[in-house]
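Q: Please read through the structure below; I'll follow up with questions.
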Amino acid sequence: MRNNIIAASLLVTSALFAQEKELSKTQKDSIESLNEVIITTDAIVGSKFKAKNKAGSTYFISPKELKTFNYDDVSRILRTVPGVTIQEEDGFGLRPNIGMRGTSPNRSEKITLMEDGILIAPAPYSAPAAYYFPTVNRMQSFEILKGGSQIQYGPYTTGGAMNMVSTQIPNRFSGRVIASIGSFNTKKTYVNIGDEHKNFGYVLEYNNRNSDGFKKIDNSSKNTGFQGNDYVAKFRINTNADAKVYQSLTAKIQYSEDLANETYLGLTDADYANNPYRRYVGSNEDYIETEHKQIMLTHLIKPFENFSITTKAYKNEFARNWYKLDAVKVGASKVSINNILTDPETYNAEYRAITGADNTINNALLVKANNRMYEAKGIQTVANYTFETGKTKHDIDFGIRYHEDFEDRFQWVDGYAIQNGVMNRTSNGTPGTDANAIVKAEAIAAHILYNLSIDKFTFTPGIRYEDIKLNSLNYGTNDVLRAGTTLARANNKTNVWIPGMGILYKINDDYNIFTSVHKGFSPPGVKAGEDAESSLNTELGFRFHKNALQGEIIGYYNNFSNLQGSDSMSGGGAGTGDLFNVGEAIVKGIELLATYDVINNREKGFKLPVTVSYTLTDTELKNNFNSTIWGTVESGDEIPYIAKNQLAITTAFETEKFNFALSGKYVDAFRTEAGVGTIPANNRVASNFIIDFSAKYHLNKNISLMGNIINLLDKEYAVSRVPAGLRPGQPFGINFGIMAQL
């Protein structure tokens, strides 16, 4: 820590006393434009200009936009992106739940998550639930692709894909320190430093976040916050820029460790109404501890003009133990925490146990150590060739990837008792006696995408191929040494072609229309009878940019021949991880995004852009079935956890000296079990409208003061009823900080 403080102090001092010539207004505008473009092998879109000229729904969040609010919660960063569903959980965005175009947001398991162009979920094929999510502070841009734009990036091609571009090696010596402190004793420190020479470049990063949290555990002094550290180093060697055959090799090393006193235990409706920020004493021992390691090598070669080959070899390791109350046994059988909070009258003895109202026998509270290890590794190569024949432009993209991943469950259960309102351990479980299994995946994926531009038309046909092998080794709870005496095996495999086609017509420089059609796909589970998810997805969009107004409107229609659901504890289930076939379903919607520059006075340096984002999502299930997750389902029911209407409004008053910004997000009420019509109170999460505020004052070109307010109006609002019980969003919170850069 002492070395980190010294490094930060040196960087701040350097920024304070750095002497540089003042830039002209023209130079400033030029540099600002360049900062909106990410030219790197880690980006897949790279700029708003490219996003607006794709034959499919594409969104690019630039470095400038990320700096406006300085969010470290991706749930808030994505709030203005239409078509995206966010299910909050802990209030800080530590483990975000993201869905797109009607896909389940639970643990972001139905979208393709990438960092720097590689899959970043712990085990994207065998166990895609994203219990690890990269630290947002170190991201330079976000790229979101939906519709026909996403078929290059599998294996999940139904809702969409998101690529997070981490901090890039700078083209000159530079550094930055951001330090802030705020409500709930929240402290954040971010430091980076980097440089580029003729044949060598580097960037080093350190990120620390910690907080005491905004909830209070009954009869306990333990905080409900978190602490985490993230370290990244990138090094690049390259030939001369004018070499006949240009090549570069970049190594990226990342390590992070996190500890959060988080729980799956929410509140009953009555307790939530009385105090939404309460936590029962039965959650006192709950925490999640994680460790993530990444190493990635990126090789770029340009054998000749307009032809490049980028190869990435990667390995991600993730270990986590979420130690949390799972069930209560005060009678003949144990009762899950979800059932207790859903019906506290029927399970009154169990409810009184978790609240500490009654003393219990030993081992009445069963705390499960959801101890798991993950690994994902692979190598992928993408070749790009562009050329022209007369007035026709050709852009061909070919890629192939070999990938392996696994999830290793080695879990146990400890027993606790409540005595005088305090939770005490009464027995220690043996590792492997709760869950003792490994699921492995091996996948080969390839794609070809062809962009053909003829006059005002761009045609984008493409196809993706996935060959997936899954196998499971379940050693059983009596074979903790894994001798294989009771080993149960299961396996599944699939191979699929995923075609897509997009068409863009550029009416003029101000307007274009596009349409796309593609196959939606999600891999099956490892057990027999768990089918792949399959759908036919279409969209039609119109983009406009006239004077001070710009934006787009898109309509889409996803027709599922088989929709998947999953049994996860985070989704309110038993936590087996098994998939279930939902069958036919329809998801359709409208996505609107518009920005209007109310003031844009370049001479005086004033700007006042207002952005409005609206999403309408309409879902319909076509089959009758029973599910422990979705309840009793009848044809015509809506998919749970998808809000029908979402609206976001953001405005920012910008000058050369200071900036003020407001961001508001409305989320419609949604149901937690499948149904139609009026949502019953016991599975309803009410609508909310939350406003955030941000301000920044530039002392000089190197030093800025900044602050933001989360939940400006201090609204009490529920975000979910899973994993168990009602959960609140973050209350009013204010943060102040300083940023120094050179």
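Simple scheme: letters A, B, ... for chains in structure tokens order, numbers from 1 for residues in each chain, numbers from 1 for ligands in the order shown.
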Name all residues at most 9 Å from Ala695 in chain A (count only C-alpha atoms; drop same-chain ones fewer than 6 positions away) and give them as a ChimeraX atom specification.

A: /A:68-69,658-661,705-709

Q: With only C-alpha atoms as the atoms that count, which of A:Asp531, A:Glu291, A:Glu89, A:Glu350 lies nearest to Phe318 in chain A?

A: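 Among the listed residues, A:Glu291 lies closest to Phe318 in chain A.
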
Q: Which of these residues is nearest to Gly520 in chain A, using only C-alpha atoms: A:Ala332, A:Leu94, A:Leu563, A:Val610?

A: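 Looking at the shortest contact to Gly520 in chain A, the residue is A:Leu563.
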
Q: Residues at most 9 Å from Gly83 in chain A, counting only C-alpha atoms, excluding those fewer than 3 positions away in the same chain, as an MDAnalysis selection string?

A: chainID A and resid 99:102 146 159 589:592 614:617 646

Q: Given the selection you just returned, output its residues as a file containing N, CA and C atoms, formatted as a PDB file, in the first residue's frame.

A:
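The resulting file, result-v6.pdb, is reproduced below:
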```
ATOM      1  N   GLY A  99     -29.257  -8.664 -19.679  1.00  0.00           N
ATOM      2  CA  GLY A  99     -29.916  -9.366 -20.767  1.00  0.00           C
ATOM      3  C   GLY A  99     -30.136  -8.420 -21.932  1.00  0.00           C
ATOM      4  N   MET A 100     -30.362  -8.959 -23.101  1.00  0.00           N
ATOM      5  CA  MET A 100     -30.620  -8.146 -24.284  1.00  0.00           C
ATOM      6  C   MET A 100     -31.778  -8.749 -25.074  1.00  0.00           C
ATOM      7  N   ARG A 101     -32.680  -7.873 -25.469  1.00  0.00           N
ATOM      8  CA  ARG A 101     -33.808  -8.254 -26.310  1.00  0.00           C
ATOM      9  C   ARG A 101     -34.560  -9.477 -25.771  1.00  0.00           C
ATOM     10  N   GLY A 102     -34.914  -9.407 -24.498  1.00  0.00           N
ATOM     11  CA  GLY A 102     -35.758 -10.428 -23.910  1.00  0.00           C
ATOM     12  C   GLY A 102     -35.048 -11.641 -23.365  1.00  0.00           C
ATOM     13  N   LYS A 146     -26.213  -6.111 -31.342  1.00  0.00           N
ATOM     14  CA  LYS A 146     -27.446  -6.897 -31.324  1.00  0.00           C
ATOM     15  C   LYS A 146     -27.839  -7.171 -32.772  1.00  0.00           C
ATOM     16  N   GLY A 159     -29.583 -12.689 -28.072  1.00  0.00           N
ATOM     17  CA  GLY A 159     -29.826 -11.328 -27.610  1.00  0.00           C
ATOM     18  C   GLY A 159     -28.782 -10.347 -28.089  1.00  0.00           C
ATOM     19  N   GLY A 589     -40.015  -6.085 -30.060  1.00  0.00           N
ATOM     20  CA  GLY A 589     -39.883  -4.813 -29.369  1.00  0.00           C
ATOM     21  C   GLY A 589     -39.471  -3.670 -30.259  1.00  0.00           C
ATOM     22  N   ILE A 590     -39.396  -2.502 -29.635  1.00  0.00           N
ATOM     23  CA  ILE A 590     -38.973  -1.261 -30.297  1.00  0.00           C
ATOM     24  C   ILE A 590     -37.871  -0.638 -29.464  1.00  0.00           C
ATOM     25  N   GLU A 591     -36.835  -0.156 -30.139  1.00  0.00           N
ATOM     26  CA  GLU A 591     -35.711   0.509 -29.476  1.00  0.00           C
ATOM     27  C   GLU A 591     -35.524   1.885 -30.105  1.00  0.00           C
ATOM     28  N   LEU A 592     -35.538   2.912 -29.279  1.00  0.00           N
ATOM     29  CA  LEU A 592     -35.402   4.288 -29.762  1.00  0.00           C
ATOM     30  C   LEU A 592     -34.261   4.977 -29.033  1.00  0.00           C
ATOM     31  N   TYR A 614     -35.430   4.764 -25.268  1.00  0.00           N
ATOM     32  CA  TYR A 614     -36.661   4.071 -24.891  1.00  0.00           C
ATOM     33  C   TYR A 614     -36.633   2.643 -25.424  1.00  0.00           C
ATOM     34  N   THR A 615     -37.095   1.713 -24.601  1.00  0.00           N
ATOM     35  CA  THR A 615     -37.163   0.301 -24.986  1.00  0.00           C
ATOM     36  C   THR A 615     -38.535  -0.262 -24.664  1.00  0.00           C
ATOM     37  N   LEU A 616     -39.172  -0.845 -25.657  1.00  0.00           N
ATOM     38  CA  LEU A 616     -40.410  -1.598 -25.463  1.00  0.00           C
ATOM     39  C   LEU A 616     -40.106  -3.063 -25.736  1.00  0.00           C
ATOM     40  N   THR A 617     -40.374  -3.922 -24.771  1.00  0.00           N
ATOM     41  CA  THR A 617     -40.132  -5.361 -24.920  1.00  0.00           C
ATOM     42  C   THR A 617     -41.419  -6.116 -24.641  1.00  0.00           C
ATOM     43  N   GLN A 646     -38.920   0.719 -20.670  1.00  0.00           N
ATOM     44  CA  GLN A 646     -37.767   1.344 -20.026  1.00  0.00           C
ATOM     45  C   GLN A 646     -37.499   2.677 -20.717  1.00  0.00           C
TER      46      GLN A 646
END
```

Q: Could you give me, as a VMD selection string, the residues within 7 Å of Phe459 in chain A, counting only C-alpha atoms and dropping anything in the same chain fewer than 6 positions from it?

A: chain A and resid 451 to 453 502 to 504

Q: Any chance you could export the current selection's C-alpha atoms as a tab-separated table (two decimals), in the first residue's frame?

A:
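Dumped everything to selection17.tsv:
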```tsv
chain	number	residue	atom	x	y	z
A	451	ASN	CA	-19.20	-6.63	-46.30
A	452	LEU	CA	-19.96	-5.68	-49.89
A	453	SER	CA	-20.55	-1.98	-50.60
A	502	GLY	CA	-27.71	-7.58	-43.15
A	503	ILE	CA	-28.50	-4.82	-45.64
A	504	LEU	CA	-27.73	-1.12	-45.18
```
